[in-house]
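To keep things clear, I will list the structure first and then write my remarks on it.
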Amino acid sequence: MDSVIPLRTTTATAAATATAATSAAATVRPQFSFQLLANLRPKKPAFPLSVPTTIFTSHRGRVLPRCSPLRAQEDGSVVVSESSIPEGEALKIKEWEVERFQDEIAASQGIKIRRRPTTGPPLHYVGPFEFRMQNEGNTPCNILEEIIWYKDKEVSQMKEKKPLILLKKLLSGAPPTRDFLGALKASYSRTGLPALIAEVKKASPSRGVLREDFNPVEIAKAYEKGGAACLSVLTDQKYFQGSFENLEAIRNAGVECPLLCKEFVIEAWQIYYARVKGADAILLIAAVLPNLDIQYMIKICKLLGLTALVEVHDETEMDRVLGIEGVELIGINNRDLGTFKVDISNTKKLLEGERGEKIREKGIIVVGESGLFTPADIGYVQEAGVKAVLVGESLVKQEDPTKGISGLFGKDISC
Ligand SMILES: O=P(O)(O)OC[C@@H](O)[C@@H](O)c1c[nH]c2ccccc12
């Protein structure tokens, strides 16, 4: 007898349904079968909700059996034949379904970035040649999505080398973290100007290499001397030429400023890893993380003594983040990480009216991020309501980054 496998399932039901897939021939219909989930479904999904049968050919780089166990029916449904799905493959299918469910929750919150490709690269054969065809499901919609897909694979490999249990052991003897938020507040009261988070960044996908003779420790020391309240250190290797070694080296070189680990966090494991490598704060990007993930990650940060800088770029993200408990520090990125467009009036736009009111009521500190080059830019975002700024390019490019800081603020801000 045929049975229907719900394609959108919760984690709890995944294992049970996987067993169903192996034990019975089943008709797969790409629909919700739970009321609760139907409410979460976005009105206009950013990607097709139907399940492409090609997933069974390849999934997350792993090639599944080529003789597909699926047969298309006239009504558009797909029959899964009983004998041809080994249990391991059925579990992979379930895993895929759970991932799609998570993508749908994210999409319902306006998040366009998918955590992984929704279809594996479909294979086509012409004689002895194998072609990979691009489609919407296996092609990143923008650079941010490309980074996240790469990060997902990178983190899985890193986790295998350093499992959480090992990181927790390493943390038991780690020195305490420094107060990132406290340093920003103290600097603002001391200077009356937005506190500076100066960024140690060698390159970026939008600007290429910013500095050839890049010595992270020297740059960090120069920033500290110039009056930076905190530092931000890029740790992404592939797209920003950063590293965790840089973070560790700066921390071990006697720099006292609290350090922000500038990463693309998608899993809690990365927060533990950043802490082990000497971070005092970590970036959480709202364009990538659903609300529950942000809330849960903020709790982990508090547990580890880290400050969470939650980054937003538009009104939807700001409204989401303002509804999350425990947020103390919000960064407004003037750069759209999908298109690279920079517009510093974005900071002003997101702090106007009721949003600004709510931020003040909650005592949240706002950081103006990206595209700040002159004292006029600093004045503009301060006027808009920020108490801190995050600056990379305009400082890292200077021959002497210490002088770069006085140039940026129009005066010496060191103590
Ligand atoms: O170099 P700029 O334009 O001064 O920008 C610094 C910082 O805001 C930018 O590097 C940044 C902001 N959010 C990010 C998220 C990931 C990587 C980088 C970023």
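Quick note on naming: the chains in the structure tokens go A, B, ... in the order shown, residues restart at 1 in each chain, and ligands are numbered from 1 in order of appearance.
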Exercise. Check which residues fall inside 8 Å of ligand 1 when counting only C-alpha atoms and all ligand atoms, and print them as a list in words.
Key: Glu199, Lys201, Ser204, Leu234, Phe240, Lys262, Glu263, Phe264, Leu283, Ile285, Glu311, Asn333, Asn334, Arg335, Leu337, Val342, Gly368, Glu369, Ser370, Gly371, Leu372, Phe373, Leu390, Val391, Gly392, Glu393, Ser394 and Leu395 of chain A
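Of the residues listed (A:Ser345, A:Gln295, A:Thr307, A:Gln270), A:Gln270 shows the shortest atom-to-atom separation from Pro163 (chain A); distances use only C-alpha atoms.
One finds CA of Glu95 (chain A) at 19.2 Å from CA of Leu289 (chain A).
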Do you know which residues are at most 10 Å from Thr347 (chain A) counting only C-alpha atoms, after dropping those on the same chain fewer than 4 positions away, and could you put them as a list in words?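 Using only C-alpha atoms, the neighbours found are Val312, His313, Asp314, Gly331, Ile332, Asn333, Asn334, Asp343, Leu351, Glu352, Val366, Val367, Gly368, Glu369, Ser370, Tyr380, Val381, Gln382, Ala384, Gly385 and Val386 of chain A.
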For this session: Excluding Arg190 (chain A) and any residue of its chain fewer than 6 positions from it, enumerate the residues within 10 Å of it, using only C-alpha atoms, and give them as a list in words.
Result: Leu184, Ile413 and Cys415 of chain A
Keeping only N, CA and C atoms, write those residues as a PDB file, in the first residue's frame.
ATOM      1  N   LEU A 184      33.190  50.523  24.854  1.00  0.00           N
ATOM      2  CA  LEU A 184      32.552  51.470  23.925  1.00  0.00           C
ATOM      3  C   LEU A 184      31.911  52.626  24.712  1.00  0.00           C
ATOM      4  N   ILE A 413      42.155  61.537  19.296  1.00  0.00           N
ATOM      5  CA  ILE A 413      41.215  60.991  20.296  1.00  0.00           C
ATOM      6  C   ILE A 413      41.911  60.025  21.270  1.00  0.00           C
ATOM      7  N   CYS A 415      44.134  58.861  24.520  1.00  0.00           N
ATOM      8  CA  CYS A 415      44.110  59.496  25.851  1.00  0.00           C
ATOM      9  C   CYS A 415      45.497  59.943  26.262  1.00  0.00           C
TER      10      CYS A 415
END
Check: Between CA of Val389 (chain A) and CA of Gly363 (chain A), what is the distance, to one decimal in Å?
Finding: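 Separation between CA of Val389 (chain A) and CA of Gly363 (chain A): 16.9 Å.
Shortest separation to Lys362 (chain A) among A:Pro140, A:Gly192, A:Gly326, A:Pro128 occurs at residue A:Gly326, atoms counted being only C-alpha atoms.
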Notebook entry, point to check: Mind pulling up the distance from CA of Leu196 (chain A) to CA of Ile250 (chain A)?
Noted result: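 These two atoms are separated by 17.3 Å.
For Tyr273 (chain A), the residues within 10 Å (counting only C-alpha atoms, excluding itself and residues fewer than 2 positions away along the chain) are A:Met158, A:Lys159, A:Lys162, A:Pro163, A:Leu164, A:Leu167, A:Lys168, A:Leu170, A:Leu171, A:Phe244, A:Ala268, A:Trp269, A:Gln270, A:Ile271, A:Arg275, A:Val276, A:Lys277, A:Gly278, A:Ala279.
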- Query: Pick the closest to Tyr188 (chain A) from A:Phe131, A:Asn346, A:Ala274, A:Lys387: which is it, counting only C-alpha atoms?
  - Reply: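 Ranking A:Phe131, A:Asn346, A:Ala274, A:Lys387 by distance to Tyr188 (chain A), first place goes to A:Lys387.
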Closest of A:Lys299, A:Asp103, A:Arg114, A:Arg355 to Asn138 (chain A), counting only C-alpha atoms, is A:Arg114
Which residues come within 7 Å of Thr177 (chain A), counting only C-alpha atoms, excluding same-chain residues fewer than 4 positions away, as a PyMOL selection string? chain A and resi 280+305-306
What would the file look like if the residues just selected were written as a compact mmCIF listing (two decimals), in the first residue's frame with C-alpha atoms?
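See selection30.txt below for the written result:
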# COMPACT_ATOMS: atom_id res chain seq x y z
CA ASP A 280 35.64 39.24 23.47
CA GLY A 305 31.30 36.32 28.66
CA LEU A 306 31.15 37.57 25.07
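Listed by chain and then by rising number, the residues of region 171-262 of chain A that DSSP assigns to strand (DSSP E) from the backbone are A:Ala195, A:Leu196, A:Ile197, A:Ala198, A:Glu199, A:Val200, A:Ala203, A:Ser204, A:Gly208, A:Val209, A:Cys230, A:Leu231, A:Ser232, A:Val233, A:Leu234, A:Leu259, A:Leu260, A:Cys261, A:Lys262.
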Tell me, as a list of chain:residue names, which residues lie within 12 Å of Ser414 (chain A), counting only C-alpha atoms; anything in the same chain fewer than 6 positions away does not count.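 Answer for this query is A:Ser187, A:Arg190, A:Thr191, A:Leu193, A:Ala195, A:Leu196, A:Ala222, A:Tyr223, A:Glu224, A:Lys225, A:Gly226, A:Gly227, A:Ala228, A:Ala229, A:Thr402, A:Lys403, A:Ile405, A:Ser406.
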Write a file of the selected residues as an mmCIF file, in the first residue's frame, keeping C-alpha atoms.
data_model
loop_
_atom_site.group_PDB
_atom_site.id
_atom_site.type_symbol
_atom_site.label_atom_id
_atom_site.label_comp_id
_atom_site.auth_asym_id
_atom_site.auth_seq_id
_atom_site.Cartn_x
_atom_site.Cartn_y
_atom_site.Cartn_z
ATOM 1 C CA SER A 187 35.197 55.832 25.204
ATOM 2 C CA ARG A 190 35.526 60.225 27.559
ATOM 3 C CA THR A 191 35.596 61.820 24.091
ATOM 4 C CA LEU A 193 32.504 61.225 20.009
ATOM 5 C CA ALA A 195 33.668 55.115 20.142
ATOM 6 C CA LEU A 196 35.879 53.588 17.469
ATOM 7 C CA ALA A 222 48.699 51.360 15.824
ATOM 8 C CA TYR A 223 44.907 51.450 16.226
ATOM 9 C CA GLU A 224 45.177 51.096 19.985
ATOM 10 C CA LYS A 225 47.730 53.902 20.156
ATOM 11 C CA GLY A 226 45.439 56.122 18.089
ATOM 12 C CA GLY A 227 42.577 55.805 20.579
ATOM 13 C CA ALA A 228 40.452 52.940 19.251
ATOM 14 C CA ALA A 229 38.097 51.660 21.984
ATOM 15 C CA THR A 402 47.374 55.969 14.163
ATOM 16 C CA LYS A 403 47.379 59.205 12.173
ATOM 17 C CA ILE A 405 42.374 57.848 13.270
ATOM 18 C CA SER A 406 42.988 61.549 14.020
#
What residues in region 133-233 of chain A get the DSSP label alpha helix (DSSP H)? Please answer as a PyMOL selection string. chain A and resi 143-161+164-172+180-191+216-226
